[in-house]
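Visitor: This structure is in structure tokens; I'll ask about it shortly.
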Amino acid sequence: MKMQAAVMSKLGEPLEIRTVDLAEPKATEVLVKIKATGVCHSDLNAFEDATTPTPSILGHEGAGIVEKVGSAVTGVVPGDHVALNWVPYCGTCEYCAAGTPNLCESAFGPMFDGTLLDGTSRLSIDGEQAYHYSLLSTFAEYTVVPEKSCVKIPKEMPFAEASLIGCGVSTGYNAAVRAAGVTPGSTVAIFGIGGVGVNAIQGARIAGAEKIIACDIKPDNLELAKQFGATHAVNSLDPDIIEQIQALSSGLGVNFAIDCSGNTVATETAWKATRKGGTTVVVGAFHPSKQVALPAGGFHRVAKVLRGSFYGDSQPFRDFPILAQLYLDGKLNLDHLVLRKIKLEQINEAFADFHDCNAVNVGRTVIEFD
Ligand SMILES: [Zn+2]
Ligand SMILES: [Zn+2]
């Protein structure tokens, strides 16, 4: 079929709205009509990354309606509303068998190659192959994705809000609820108040934390954190940040610290601000060259846990419907994450906003389709 899509033809050049050919879904794939897609910082990174194959169609935060399914698809039928997951899994490897599909590695080769799971593309332009992005390519009217990327959501769920569930919302919320295991009445510090951090705050709030301390270098982000449930805010540039956090948590430090910042200084602070027996979760991504330095003296005595979490330990088929229901029940604030809604033709404005506006670090511009 032919469709309109925002095409990245050359590195760093504005995206172009072009007619793209989309092939039929194969046996385990699904054709989805995109209704809304968030514009995420990872799309901007790909847009500016010389390793992104071109021409490609970016976009990895999407929601839409199933239009057609491959012959072996059992999980969805045409007409189902779905939120898309950019970490599809194989279901058979040791990680999947152990109940940790977020650690499955089957998607990463195709993700970097710009293909679907079988190593081929469904996209072409004027007869030349085009590339997928994160197996989703949501900056388009339609997309073909793996069945394992299609998570059914309630039909009452609005598409703009649904489109955000699959990335920062699930990562942040589940970093608090699943990876850290925040408990009722506990104290929690969240480092890095961006699209992931505000949702870690929401996860801690919904899990019943008593004190949620937002830590960031930007005063605007700290103010915004309160909209999502932070009870206190501390500027990460303050030299006495650890003492401030301890003062808010019985002098002992927090039960749980969640670092969403991607900054190793924050990781070290998060560890030091965690009380004995507590848990520090690192969900932010670092450049591979970075090192984290932790005080080794007394390491055994403090009995703390330091653990990384990929995708917030999200299991999309378990967690996306929970997040949608929390939104529909008025408990999860997604409305304030949708900063503005635009048409596909305006997509370059959304990319320009990343360079202009601090607030876009937290919320999203969402592209809506008719
Ligand atoms: Zn994203
Ligand atoms: Zn697997």
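Naming works like this for the structure tokens: A, B, ... for the chains as they're shown, residue 1 at the start of each chain, ligands 1 onward in shown order.
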What lies within 12 Å of A:Leu323 using only C-alpha atoms, ignoring chain neighbours under 5 positions off, as a count of residues only?
Guide: 37
Visitor: Which protein, DNA or RNA residues have an atom within 6 Å of ligand 2, counting only C-alpha atoms and all ligand atoms, as a count of residues only?
Guide: 9
Visitor: Please provide as a PDB file with N, CA and C atoms, in the first residue's frame all residues within 8 Å of A:Ala23, with the sequence filter that same-chain residues fewer than 2 positions apart are discarded (counting only C-alpha atoms).
Guide:
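After the write, part09.pdb holds the following:
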ATOM      1  N   MET A   1       0.838  -1.198   0.000  1.00  0.00           N
ATOM      2  CA  MET A   1       0.000   0.000   0.000  1.00  0.00           C
ATOM      3  C   MET A   1       0.877   1.255   0.000  1.00  0.00           C
ATOM      4  N   ASP A  21       5.973   3.198   0.103  1.00  0.00           N
ATOM      5  CA  ASP A  21       5.316   1.903  -0.097  1.00  0.00           C
ATOM      6  C   ASP A  21       5.520   1.037   1.138  1.00  0.00           C
ATOM      7  N   PRO A  25       1.964  -7.297   5.932  1.00  0.00           N
ATOM      8  CA  PRO A  25       2.579  -7.950   7.096  1.00  0.00           C
ATOM      9  C   PRO A  25       2.857  -9.424   6.823  1.00  0.00           C
ATOM     10  N   ARG A 122       9.879  -3.678   5.369  1.00  0.00           N
ATOM     11  CA  ARG A 122       8.594  -3.611   4.636  1.00  0.00           C
ATOM     12  C   ARG A 122       8.446  -2.264   3.941  1.00  0.00           C
ATOM     13  N   LEU A 123       9.454  -1.416   4.050  1.00  0.00           N
ATOM     14  CA  LEU A 123       9.342  -0.035   3.573  1.00  0.00           C
ATOM     15  C   LEU A 123      10.175   0.178   2.313  1.00  0.00           C
ATOM     16  N   VAL A 144       3.968  -1.518   9.736  1.00  0.00           N
ATOM     17  CA  VAL A 144       3.927  -2.974   9.958  1.00  0.00           C
ATOM     18  C   VAL A 144       4.915  -3.268  11.076  1.00  0.00           C
TER      19      VAL A 144
END
Visitor: Hey, which residues come within 9 Å of ligand 1 if we count only C-alpha atoms and all ligand atoms? Could you give them as a list in words?
Guide: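 Checking only C-alpha atoms and all ligand atoms against ligand 1 at 9 Å gives Gly38, Val39, Cys40, His41, Ser42, Asp43, Gly59, His60, Glu61, Trp86, Leu164, Gly166, Cys167, Gly168 and Gly195 of chain A.
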Visitor: For the residues selected in the previous step, produce a file with all heavy atoms as a compact mmCIF listing (two decimals), in the first residue's frame.
Guide:
# COMPACT_ATOMS: atom_id res chain seq x y z
N GLY A 38 4.08 10.08 19.82
CA GLY A 38 4.86 11.08 20.54
C GLY A 38 6.20 11.31 19.83
O GLY A 38 6.71 10.42 19.15
N VAL A 39 6.73 12.52 19.97
CA VAL A 39 8.06 12.81 19.44
C VAL A 39 9.00 12.83 20.63
O VAL A 39 8.93 13.70 21.49
CB VAL A 39 8.08 14.16 18.69
CG1 VAL A 39 9.47 14.40 18.10
CG2 VAL A 39 7.02 14.19 17.60
N CYS A 40 9.89 11.81 20.70
CA CYS A 40 10.72 11.56 21.88
C CYS A 40 12.15 12.02 21.61
O CYS A 40 12.59 12.11 20.46
CB CYS A 40 10.69 10.07 22.17
SG CYS A 40 11.75 9.48 23.50
N HIS A 41 12.89 12.26 22.66
CA HIS A 41 14.28 12.68 22.50
C HIS A 41 15.10 11.62 21.77
O HIS A 41 16.06 11.93 21.06
CB HIS A 41 14.90 13.01 23.86
CG HIS A 41 15.93 14.08 23.76
ND1 HIS A 41 17.25 13.81 23.48
CD2 HIS A 41 15.84 15.43 23.86
CE1 HIS A 41 17.93 14.94 23.42
NE2 HIS A 41 17.10 15.95 23.65
N SER A 42 14.73 10.34 21.92
CA SER A 42 15.47 9.28 21.21
C SER A 42 15.31 9.41 19.70
O SER A 42 16.21 9.03 18.94
CB SER A 42 14.95 7.90 21.64
OG SER A 42 15.12 7.74 23.02
N ASP A 43 14.17 9.94 19.25
CA ASP A 43 14.01 10.19 17.81
C ASP A 43 14.97 11.27 17.36
O ASP A 43 15.55 11.18 16.27
CB ASP A 43 12.57 10.62 17.50
CG ASP A 43 11.55 9.55 17.83
OD1 ASP A 43 11.71 8.42 17.36
OD2 ASP A 43 10.60 9.85 18.58
N GLY A 59 10.33 7.43 14.76
CA GLY A 59 9.11 7.36 15.56
C GLY A 59 8.97 6.02 16.26
O GLY A 59 9.02 4.96 15.61
N HIS A 60 8.87 6.04 17.60
CA HIS A 60 8.79 4.77 18.34
C HIS A 60 7.81 4.83 19.50
O HIS A 60 7.81 3.96 20.37
CB HIS A 60 10.18 4.39 18.86
CG HIS A 60 10.68 5.37 19.89
ND1 HIS A 60 11.19 6.59 19.54
CD2 HIS A 60 10.69 5.33 21.23
CE1 HIS A 60 11.51 7.25 20.63
NE2 HIS A 60 11.21 6.51 21.68
N GLU A 61 7.01 5.93 19.57
CA GLU A 61 5.98 6.01 20.62
C GLU A 61 4.66 6.13 19.89
O GLU A 61 4.29 7.21 19.44
CB GLU A 61 6.21 7.24 21.50
CG GLU A 61 7.54 7.22 22.20
CD GLU A 61 7.72 8.39 23.16
OE1 GLU A 61 6.88 9.30 23.17
OE2 GLU A 61 8.71 8.38 23.89
N TRP A 86 8.48 -0.95 21.80
CA TRP A 86 9.68 -0.98 20.93
C TRP A 86 10.68 -2.05 21.35
O TRP A 86 11.77 -2.13 20.79
CB TRP A 86 10.33 0.39 20.82
CG TRP A 86 10.71 1.07 22.10
CD1 TRP A 86 9.96 2.01 22.76
CD2 TRP A 86 11.92 0.93 22.84
NE1 TRP A 86 10.64 2.44 23.88
CE2 TRP A 86 11.84 1.80 23.95
CE3 TRP A 86 13.07 0.15 22.69
CZ2 TRP A 86 12.85 1.91 24.91
CZ3 TRP A 86 14.08 0.25 23.63
CH2 TRP A 86 13.97 1.12 24.72
N LEU A 164 2.03 7.50 24.50
CA LEU A 164 3.18 7.75 25.38
C LEU A 164 3.48 6.59 26.32
O LEU A 164 4.56 6.52 26.92
CB LEU A 164 2.94 9.02 26.21
CG LEU A 164 2.64 10.28 25.38
CD1 LEU A 164 2.53 11.49 26.29
CD2 LEU A 164 3.70 10.51 24.31
N GLY A 166 4.18 3.47 25.87
CA GLY A 166 5.20 2.48 25.52
C GLY A 166 6.64 2.89 25.75
O GLY A 166 7.53 2.06 25.62
N CYS A 167 6.89 4.15 26.08
CA CYS A 167 8.30 4.55 26.25
C CYS A 167 8.54 5.07 27.66
O CYS A 167 8.63 4.30 28.61
CB CYS A 167 8.69 5.55 25.16
SG CYS A 167 10.48 5.81 25.05
N GLY A 168 8.62 6.40 27.83
CA GLY A 168 9.00 6.95 29.13
C GLY A 168 8.03 6.65 30.25
O GLY A 168 8.44 6.52 31.41
N GLY A 195 11.17 12.94 31.04
CA GLY A 195 10.03 12.10 30.68
C GLY A 195 9.98 10.79 31.44
O GLY A 195 8.90 10.24 31.67
Visitor: Between atom CA of A:Ala207 and atom CA of A:Val265, what distance in Å does the model show, to one decimal?
Guide: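 Pair atom CA of A:Ala207 / atom CA of A:Val265 returns 27.0 Å.
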Visitor: Determine which residues of stretch 29-79 of chain A receive a DSSP assignment of alpha helix (DSSP H), computed from the backbone, and state them as a PDB file with all heavy atoms, in the first residue's frame.
Guide:
ATOM      1  N   HIS A  41      12.888  12.255  22.664  1.00  0.00           N
ATOM      2  CA  HIS A  41      14.278  12.676  22.496  1.00  0.00           C
ATOM      3  C   HIS A  41      15.103  11.615  21.774  1.00  0.00           C
ATOM      4  O   HIS A  41      16.058  11.934  21.060  1.00  0.00           O
ATOM      5  CB  HIS A  41      14.899  13.009  23.857  1.00  0.00           C
ATOM      6  CG  HIS A  41      15.934  14.081  23.761  1.00  0.00           C
ATOM      7  ND1 HIS A  41      17.253  13.805  23.480  1.00  0.00           N
ATOM      8  CD2 HIS A  41      15.841  15.427  23.859  1.00  0.00           C
ATOM      9  CE1 HIS A  41      17.927  14.940  23.419  1.00  0.00           C
ATOM     10  NE2 HIS A  41      17.101  15.947  23.648  1.00  0.00           N
ATOM     11  N   SER A  42      14.731  10.343  21.918  1.00  0.00           N
ATOM     12  CA  SER A  42      15.465   9.275  21.214  1.00  0.00           C
ATOM     13  C   SER A  42      15.311   9.410  19.703  1.00  0.00           C
ATOM     14  O   SER A  42      16.215   9.032  18.942  1.00  0.00           O
ATOM     15  CB  SER A  42      14.948   7.899  21.642  1.00  0.00           C
ATOM     16  OG  SER A  42      15.116   7.737  23.020  1.00  0.00           O
ATOM     17  N   ASP A  43      14.168   9.938  19.248  1.00  0.00           N
ATOM     18  CA  ASP A  43      14.005  10.186  17.811  1.00  0.00           C
ATOM     19  C   ASP A  43      14.971  11.269  17.356  1.00  0.00           C
ATOM     20  O   ASP A  43      15.555  11.182  16.274  1.00  0.00           O
ATOM     21  CB  ASP A  43      12.568  10.623  17.499  1.00  0.00           C
ATOM     22  CG  ASP A  43      11.551   9.553  17.831  1.00  0.00           C
ATOM     23  OD1 ASP A  43      11.712   8.417  17.359  1.00  0.00           O
ATOM     24  OD2 ASP A  43      10.602   9.846  18.580  1.00  0.00           O
ATOM     25  N   LEU A  44      15.121  12.296  18.185  1.00  0.00           N
ATOM     26  CA  LEU A  44      16.070  13.367  17.855  1.00  0.00           C
ATOM     27  C   LEU A  44      17.491  12.810  17.812  1.00  0.00           C
ATOM     28  O   LEU A  44      18.271  13.128  16.910  1.00  0.00           O
ATOM     29  CB  LEU A  44      15.976  14.502  18.882  1.00  0.00           C
ATOM     30  CG  LEU A  44      16.954  15.654  18.634  1.00  0.00           C
ATOM     31  CD1 LEU A  44      16.512  16.499  17.444  1.00  0.00           C
ATOM     32  CD2 LEU A  44      17.097  16.541  19.860  1.00  0.00           C
ATOM     33  N   ASN A  45      17.825  11.936  18.785  1.00  0.00           N
ATOM     34  CA  ASN A  45      19.159  11.327  18.797  1.00  0.00           C
ATOM     35  C   ASN A  45      19.417  10.564  17.495  1.00  0.00           C
ATOM     36  O   ASN A  45      20.495  10.661  16.906  1.00  0.00           O
ATOM     37  CB  ASN A  45      19.319  10.381  19.985  1.00  0.00           C
ATOM     38  CG  ASN A  45      19.341  11.127  21.307  1.00  0.00           C
ATOM     39  OD1 ASN A  45      19.511  12.339  21.335  1.00  0.00           O
ATOM     40  ND2 ASN A  45      19.143  10.409  22.398  1.00  0.00           N
ATOM     41  N   ALA A  46      18.409   9.799  17.060  1.00  0.00           N
ATOM     42  CA  ALA A  46      18.555   9.032  15.814  1.00  0.00           C
ATOM     43  C   ALA A  46      18.697   9.973  14.625  1.00  0.00           C
ATOM     44  O   ALA A  46      19.461   9.719  13.689  1.00  0.00           O
ATOM     45  CB  ALA A  46      17.348   8.122  15.620  1.00  0.00           C
ATOM     46  N   PHE A  47      17.957  11.078  14.684  1.00  0.00           N
ATOM     47  CA  PHE A  47      17.973  12.085  13.616  1.00  0.00           C
ATOM     48  C   PHE A  47      19.365  12.708  13.482  1.00  0.00           C
ATOM     49  O   PHE A  47      19.786  13.104  12.397  1.00  0.00           O
ATOM     50  CB  PHE A  47      16.922  13.135  13.994  1.00  0.00           C
ATOM     51  CG  PHE A  47      16.799  14.314  13.078  1.00  0.00           C
ATOM     52  CD1 PHE A  47      16.376  14.152  11.765  1.00  0.00           C
ATOM     53  CD2 PHE A  47      17.065  15.594  13.536  1.00  0.00           C
ATOM     54  CE1 PHE A  47      16.239  15.246  10.923  1.00  0.00           C
ATOM     55  CE2 PHE A  47      16.927  16.692  12.708  1.00  0.00           C
ATOM     56  CZ  PHE A  47      16.520  16.515  11.397  1.00  0.00           C
TER      57      PHE A  47
END
Visitor: To one decimal place, how far is atom CA of A:Ala266 from atom CA of A:Phe191 in Å?
Guide: 6.6 Å
Visitor: Just the number, please: distance in Å from atom CA of A:Ala179 to atom CA of A:Glu268, one decimal.
Guide: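 So the two atoms, atom CA of A:Ala179 and atom CA of A:Glu268, lie 18.3 Å apart.
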Visitor: May I ask which of the residues A:Ala63, A:Val305, A:Ile57, A:Cys260 is the closest one to A:Thr279, counting only C-alpha atoms?
Guide: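 Of A:Ala63, A:Val305, A:Ile57, A:Cys260, the one nearest A:Thr279, counting only C-alpha atoms, is A:Val305.
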Visitor: Give me the stretch 113-181 of chain A side of the contact with stretch 342-356 of chain A, cut-off 9 Å, one line per residue showing its nearest atom pair and distance in Å at one decimal, counting only C-alpha atoms, sorted by chain and residue number, as a Markdown table.
Guide:
| residue | atom | partner | partner_atom | distance |
| --- | --- | --- | --- | --- |
| A:Phe139 | CA | A:Leu344 | CA | 7.2 |
| A:Ala140 | CA | A:Leu344 | CA | 7.8 |
| A:Glu141 | CA | A:Leu344 | CA | 8.9 |
Visitor: Hey, can you spit out that residue selection with C-alpha atoms as a compact mmCIF listing (two decimals), in the first residue's frame?
Guide:
# COMPACT_ATOMS: atom_id res chain seq x y z
CA PHE A 139 5.94 8.86 11.95
CA ALA A 140 3.68 7.48 9.24
CA GLU A 141 0.02 6.88 8.49
Visitor: Check the smallest atom-to-atom distance from each of A:Thr267, A:Ala5, A:Glu156, A:Ala36 to A:Leu294 using only C-alpha atoms, then report the winner.
Guide: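 Closest candidate: A:Thr267.
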Visitor: Nearest residue to A:Lys226 out of A:Leu11, A:Leu252, A:Val77, A:Ile213, using only C-alpha atoms?
Guide: A:Ile213
Visitor: Pick out the residues sitting within 6 Å of stretch 280-283 of chain A, and hand them over as a ChimeraX atom specification; count only C-alpha atoms, and ignore anything fewer than 2 positions along from it in its own chain.
Guide: /A:256-260,271,306-309
